[in-house]
Every structure is written in C-alpha cells, then in structure tokens.
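Asks: Data file final34.csv (CSV, C-alpha atoms) is appended below.
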chain,number,residue,atom,x,y,z
K,1,MET,CA,90.6,112.4,114.4
K,2,ARG,CA,93.9,111.0,113.4
K,3,GLU,CA,94.5,109.4,110.0
K,4,MET,CA,96.8,106.4,109.8
K,5,LYS,CA,98.5,105.2,106.6
K,6,ALA,CA,99.5,101.6,106.5
K,7,GLU,CA,100.3,99.1,103.9
K,8,ARG,CA,98.0,96.1,104.0
K,9,GLU,CA,98.3,92.6,102.6
K,10,ALA,CA,97.0,91.8,99.1
K,11,GLY,CA,97.9,95.2,97.6
K,12,ALA,CA,95.7,97.4,99.9
K,13,THR,CA,96.6,100.7,101.3
K,14,ALA,CA,94.4,101.9,104.1
K,15,LEU,CA,93.7,105.4,105.3
K,16,MET,CA,91.0,104.8,107.9
K,17,PRO,CA,90.3,105.3,111.5
K,18,ASP,CA,86.6,104.8,110.5
K,19,GLN,CA,86.2,102.3,107.7
K,20,GLN,CA,82.4,102.5,107.9
K,21,GLN,CA,82.6,105.8,106.0
K,22,SER,CA,85.5,105.0,103.7
K,23,ILE,CA,85.7,105.2,99.9
K,24,VAL,CA,87.0,102.0,98.4
K,25,VAL,CA,89.2,102.5,95.3
K,26,VAL,CA,90.2,99.7,93.0
K,27,GLU,CA,92.9,100.8,90.6
K,28,ASP,CA,95.8,98.7,89.2
K,29,ASP,CA,98.1,101.7,88.3
K,30,ALA,CA,100.0,102.5,91.5
K,31,GLY,CA,100.6,106.2,90.5
K,32,MET,CA,96.9,106.7,89.7
K,33,ARG,CA,95.9,104.9,92.9
K,34,LYS,CA,98.2,107.2,95.0
K,35,ALA,CA,96.9,110.3,93.2
K,36,ILE,CA,93.3,109.3,94.0
K,37,GLU,CA,94.2,108.7,97.6
K,38,ARG,CA,95.7,112.1,97.9
K,39,LEU,CA,92.7,113.7,96.2
K,40,LEU,CA,90.3,111.9,98.5
K,41,ARG,CA,92.3,113.0,101.6
K,42,ALA,CA,92.4,116.6,100.4
K,43,GLY,CA,88.7,116.4,99.9
K,44,GLY,CA,88.1,115.2,103.5
K,45,PHE,CA,87.5,111.6,102.7
K,46,GLN,CA,89.0,108.4,104.1
K,47,CYS,CA,89.8,105.6,101.7
K,48,VAL,CA,90.9,102.1,101.4
K,49,SER,CA,92.6,101.2,98.1
K,50,PHE,CA,93.3,98.0,96.3
K,51,ALA,CA,95.4,97.1,93.2
K,52,SER,CA,92.9,94.4,92.0
K,53,ALA,CA,89.3,93.3,92.4
K,54,GLU,CA,90.6,90.0,93.9
K,55,ALA,CA,92.4,91.9,96.6
K,56,LEU,CA,89.2,93.8,97.5
K,57,LEU,CA,87.2,90.6,97.7
K,58,GLN,CA,89.9,88.9,99.8
K,59,ALA,CA,89.8,91.8,102.3
K,60,ASP,CA,86.0,91.8,102.3
K,61,ALA,CA,86.1,95.6,102.4
K,62,ALA,CA,83.1,96.3,100.0
K,63,ASP,CA,80.6,95.7,102.8
K,64,THR,CA,81.6,98.9,104.7
K,65,ALA,CA,82.2,101.1,101.7
K,66,ALA,CA,80.3,104.4,101.4
K,67,CYS,CA,81.2,104.4,97.7
K,68,LEU,CA,83.3,102.3,95.3
K,69,VAL,CA,85.6,103.9,92.7
K,70,LEU,CA,86.4,101.1,90.3
K,71,ASP,CA,88.8,101.1,87.3
K,72,VAL,CA,87.1,99.4,84.4
K,73,HIS,CA,90.2,97.6,83.1
K,74,LEU,CA,91.9,95.6,85.8
K,75,PRO,CA,94.1,92.5,85.7
K,76,GLY,CA,91.9,89.5,86.6
K,77,LEU,CA,88.3,90.5,87.3
K,78,SER,CA,87.4,93.8,85.5
K,79,GLY,CA,85.7,96.6,87.4
K,80,PHE,CA,82.4,95.6,85.6
K,81,GLN,CA,82.8,92.0,86.6
K,82,LEU,CA,83.5,93.0,90.2
K,83,GLN,CA,80.4,95.2,90.3
K,84,ARG,CA,78.2,92.4,88.9
K,85,GLN,CA,79.6,90.0,91.5
K,86,LEU,CA,79.0,92.5,94.3
K,87,MET,CA,75.5,93.2,93.1
K,88,ALA,CA,74.8,89.4,92.9
K,89,SER,CA,75.9,89.1,96.5
K,90,GLY,CA,73.5,91.8,97.7
K,91,ARG,CA,76.0,94.6,98.2
K,92,LYS,CA,74.5,98.0,97.1
K,93,SER,CA,77.2,100.6,97.7
K,94,PRO,CA,77.1,103.3,95.0
K,95,VAL,CA,79.8,102.8,92.3
K,96,ILE,CA,81.8,105.2,90.1
K,97,PHE,CA,83.8,103.9,87.2
K,98,ILE,CA,87.0,105.3,85.9
K,99,THR,CA,88.8,104.3,82.7
K,100,ALA,CA,91.6,105.2,80.3
K,101,HIS,CA,89.9,103.3,77.5
K,102,ASP,CA,86.6,104.9,76.9
K,103,ASP,CA,84.0,103.7,74.4
K,104,ALA,CA,80.3,103.7,74.0
K,105,ALA,CA,80.0,100.0,74.9
K,106,ALA,CA,81.8,100.6,78.2
K,107,ARG,CA,79.6,103.7,79.0
K,108,ASP,CA,76.5,101.6,78.3
K,109,GLU,CA,77.6,98.7,80.4
K,110,ALA,CA,78.5,101.1,83.3
K,111,GLN,CA,75.0,102.6,83.1
K,112,ARG,CA,73.4,99.1,82.9
K,113,ILE,CA,75.0,97.9,86.1
K,114,GLY,CA,74.1,101.0,88.2
K,115,SER,CA,77.0,103.4,87.9
K,116,LEU,CA,76.5,106.7,89.6
K,117,ALA,CA,79.2,108.3,87.5
K,118,TYR,CA,81.7,107.4,84.8
K,119,PHE,CA,85.0,109.3,84.2
K,120,ARG,CA,87.6,109.0,81.5
K,121,LYS,CA,91.2,109.4,82.7
K,122,PRO,CA,92.5,111.9,83.2
K,123,PHE,CA,89.5,113.2,84.9
K,124,ASP,CA,88.7,116.4,86.8
K,125,GLY,CA,89.3,115.8,90.5
K,126,LYS,CA,86.6,118.2,91.6
K,127,ALA,CA,84.1,116.3,89.5
K,128,LEU,CA,85.1,113.0,91.1
K,129,LEU,CA,84.9,114.5,94.6
K,130,GLU,CA,81.4,115.9,93.8
K,131,ALA,CA,80.3,112.5,92.5
K,132,ILE,CA,81.6,110.8,95.7
K,133,ARG,CA,79.7,113.4,97.8
K,134,GLN,CA,76.5,112.6,95.9
K,135,ALA,CA,77.2,108.8,96.4
K,136,ARG,CA,77.6,109.3,100.2
K,137,ASN,CA,74.3,111.1,100.3
K,138,LEU,CA,72.7,108.1,98.7
K,139,ASP,CA,74.4,105.6,101.0
K,140,PRO,CA,72.1,104.5,103.9
K,141,LYS,CA,75.2,103.7,106.1
K,142,HIS,CA,76.4,107.4,105.9
Just dump the structure as structure tokens.

Replies:
Amino acid sequence: MREMKAEREAGATALMPDQQQSIVVVEDDAGMRKAIERLLRAGGFQCVSFASAEALLQADAADTAACLVLDVHLPGLSGFQLQRQLMASGRKSPVIFITAHDDAAARDEAQRIGSLAYFRKPFDGKALLEAIRQARNLDPKH
C-alpha cells in the first residue's frame, strides 16, 4: 500500500490511500502537527490533519475518522467546541485531546464530553499511539 502526501485546501495535509481508517488531527501549531503526522506514520497509521476546526468541518473529514486527535486551544472553534458540535450532529468517533495549557477545568470538560484520553504537551508519543490503538478498537468502522 502506497502512502501519498499532498497539501489540501483549508490547511489540511493528507496521508491517506484509505481515509476510512484515518486518524484526524486538528492542531494549529504547524510544527506540532507535522510531528504528530510523523509519529502516526511511524506507528503504522494514516492521518489527515487540519490547522483549525473550521478546516476540518469544511472538508467534512470527521465522518470517516477512526479517531480524532484535537488540540484544546485552537483559533476559532476550540477543540471542545468542535467535539460538542460533532456530537450534536451524531458523529461518534473516539476523541483524544491534547493541550499545552492544562488545568483541572479542561480535564473535567474533556471527560464530560467523552474524551478517551487527554495529554498535556509535550506528551509521550508511545502513550498517544496506544490511546489511538484503543480508540480504533472501539470504532465500529475499523
């Protein structure tokens, strides 16, 4: 299976011959986004990444996600707002939150809206990969 890397409109980077099993990453920091992409590729995953929640919504890529990795603090809609919007529209992909600004209120909110895992940056890459593996096992599309 050949992986293709292409820049997409609206701030998206795709690595995906089979988007059905892709991990969707929403991270506004370009360096962190690239690092997560490399980590996921090294872990055997395919991903689609976006610089904002709005870019993800515009691309309508959440429907095919095996798992969402969302930054909590994004320009525009936050990761929490995005997850609430996705839940309200009936999308049920497992979600993992990442943040550089950790506090008890954010952890509580993540848990309240169904987070499978919550990581403070910088996080252990192996722990993120394991959480994604668990999420894929929960995903009925996988």

Asks: In Å, how far is it from atom CA of Ser115 of chain K to atom CA of Ile96 of chain K?

Replies: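 Taking atom CA of Ser115 of chain K and atom CA of Ile96 of chain K, their separation equals 5.6 Å.
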
Asks: What is the distance between atom CA of Thr99 of chain K and atom CA of Gln58 of chain K, in Å to one decimal?

Replies: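 Distance reported for this atom pair: 23.0 Å.
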
Asks: Calculated over all atoms listed in the file, which of the candidates K:Phe50, K:Ala110, K:Leu40, K:Ala61 has the smallest distance to Gly125 of chain K?

Replies: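 Smallest distance to Gly125 of chain K is found for K:Leu40.
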
Asks: Go ahead and find all residues with at least one atom no further than 10 Å from (86.0, 96.2, 82.8) in the file's coordinates, using all atoms listed in the file; report them as a list in words.

Replies: Leu70, Asp71, Val72, His73, Leu74, Pro75, Gly76, Leu77, Ser78, Gly79, Phe80, Gln81, Leu82, Gln83, Phe97, Ile98, Thr99, His101, Ala106, Glu109 and Ala110 of chain K

Asks: Could those residues be written to a file, using C-alpha atoms, as a short mmCIF file (atom, residue, chain, number, x, y, z; two decimals), keeping the file's coordinate frame?

Replies:
data_model
loop_
_atom_site.label_atom_id
_atom_site.label_comp_id
_atom_site.auth_asym_id
_atom_site.auth_seq_id
_atom_site.Cartn_x
_atom_site.Cartn_y
_atom_site.Cartn_z
CA LEU K 70 86.40 101.10 90.30
CA ASP K 71 88.80 101.10 87.30
CA VAL K 72 87.10 99.40 84.40
CA HIS K 73 90.20 97.60 83.10
CA LEU K 74 91.90 95.60 85.80
CA PRO K 75 94.10 92.50 85.70
CA GLY K 76 91.90 89.50 86.60
CA LEU K 77 88.30 90.50 87.30
CA SER K 78 87.40 93.80 85.50
CA GLY K 79 85.70 96.60 87.40
CA PHE K 80 82.40 95.60 85.60
CA GLN K 81 82.80 92.00 86.60
CA LEU K 82 83.50 93.00 90.20
CA GLN K 83 80.40 95.20 90.30
CA PHE K 97 83.80 103.90 87.20
CA ILE K 98 87.00 105.30 85.90
CA THR K 99 88.80 104.30 82.70
CA HIS K 101 89.90 103.30 77.50
CA ALA K 106 81.80 100.60 78.20
CA GLU K 109 77.60 98.70 80.40
CA ALA K 110 78.50 101.10 83.30
#

Asks: Using all atoms listed in the file, pick whichever of K:Asp102, K:Asp28, K:Glu37, K:Asp63 has the shortest atom-to-atom distance to Ala51 of chain K.

Replies: K:Asp28

Asks: Go through K:Ala35, K:Ala117, K:Pro94, K:Ala59 one by one, measure the shortest atom-to-atom distance of each to Ile23 of chain K using only C-alpha atoms, and give the residue with the smallest value.

Replies: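 Answer, going by the shortest atom-to-atom distance: K:Pro94.
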
Asks: What is the distance between atom CA of Leu68 of chain K and atom CA of Ser93 of chain K, in Å to one decimal?

Replies: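 Here the two named atoms are 6.8 Å from each other.
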
Asks: Closest to Val69 of chain K among K:Leu57, K:Ala30, K:Ala105, K:Ile36, using only C-alpha atoms?

Replies: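 Among the listed residues, the smallest separation from Val69 of chain K belongs to K:Ile36.
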
Asks: I need the residue nearest Arg91 of chain K from this list: K:Asp108, K:Arg136, K:Thr64, K:Asp103. Use all atoms listed in the file for the distance.

Replies: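 Closest residue, counting all atoms listed in the file: K:Thr64.
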
Asks: Go through K:Ala65, K:Ala135, K:Val26, K:Ala100 one by one, measure the shortest atom-to-atom distance of each to Ala53 of chain K using only C-alpha atoms, and give the residue with the smallest value.

Replies: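 For Ala53 of chain K, the nearest of the candidates is K:Val26.
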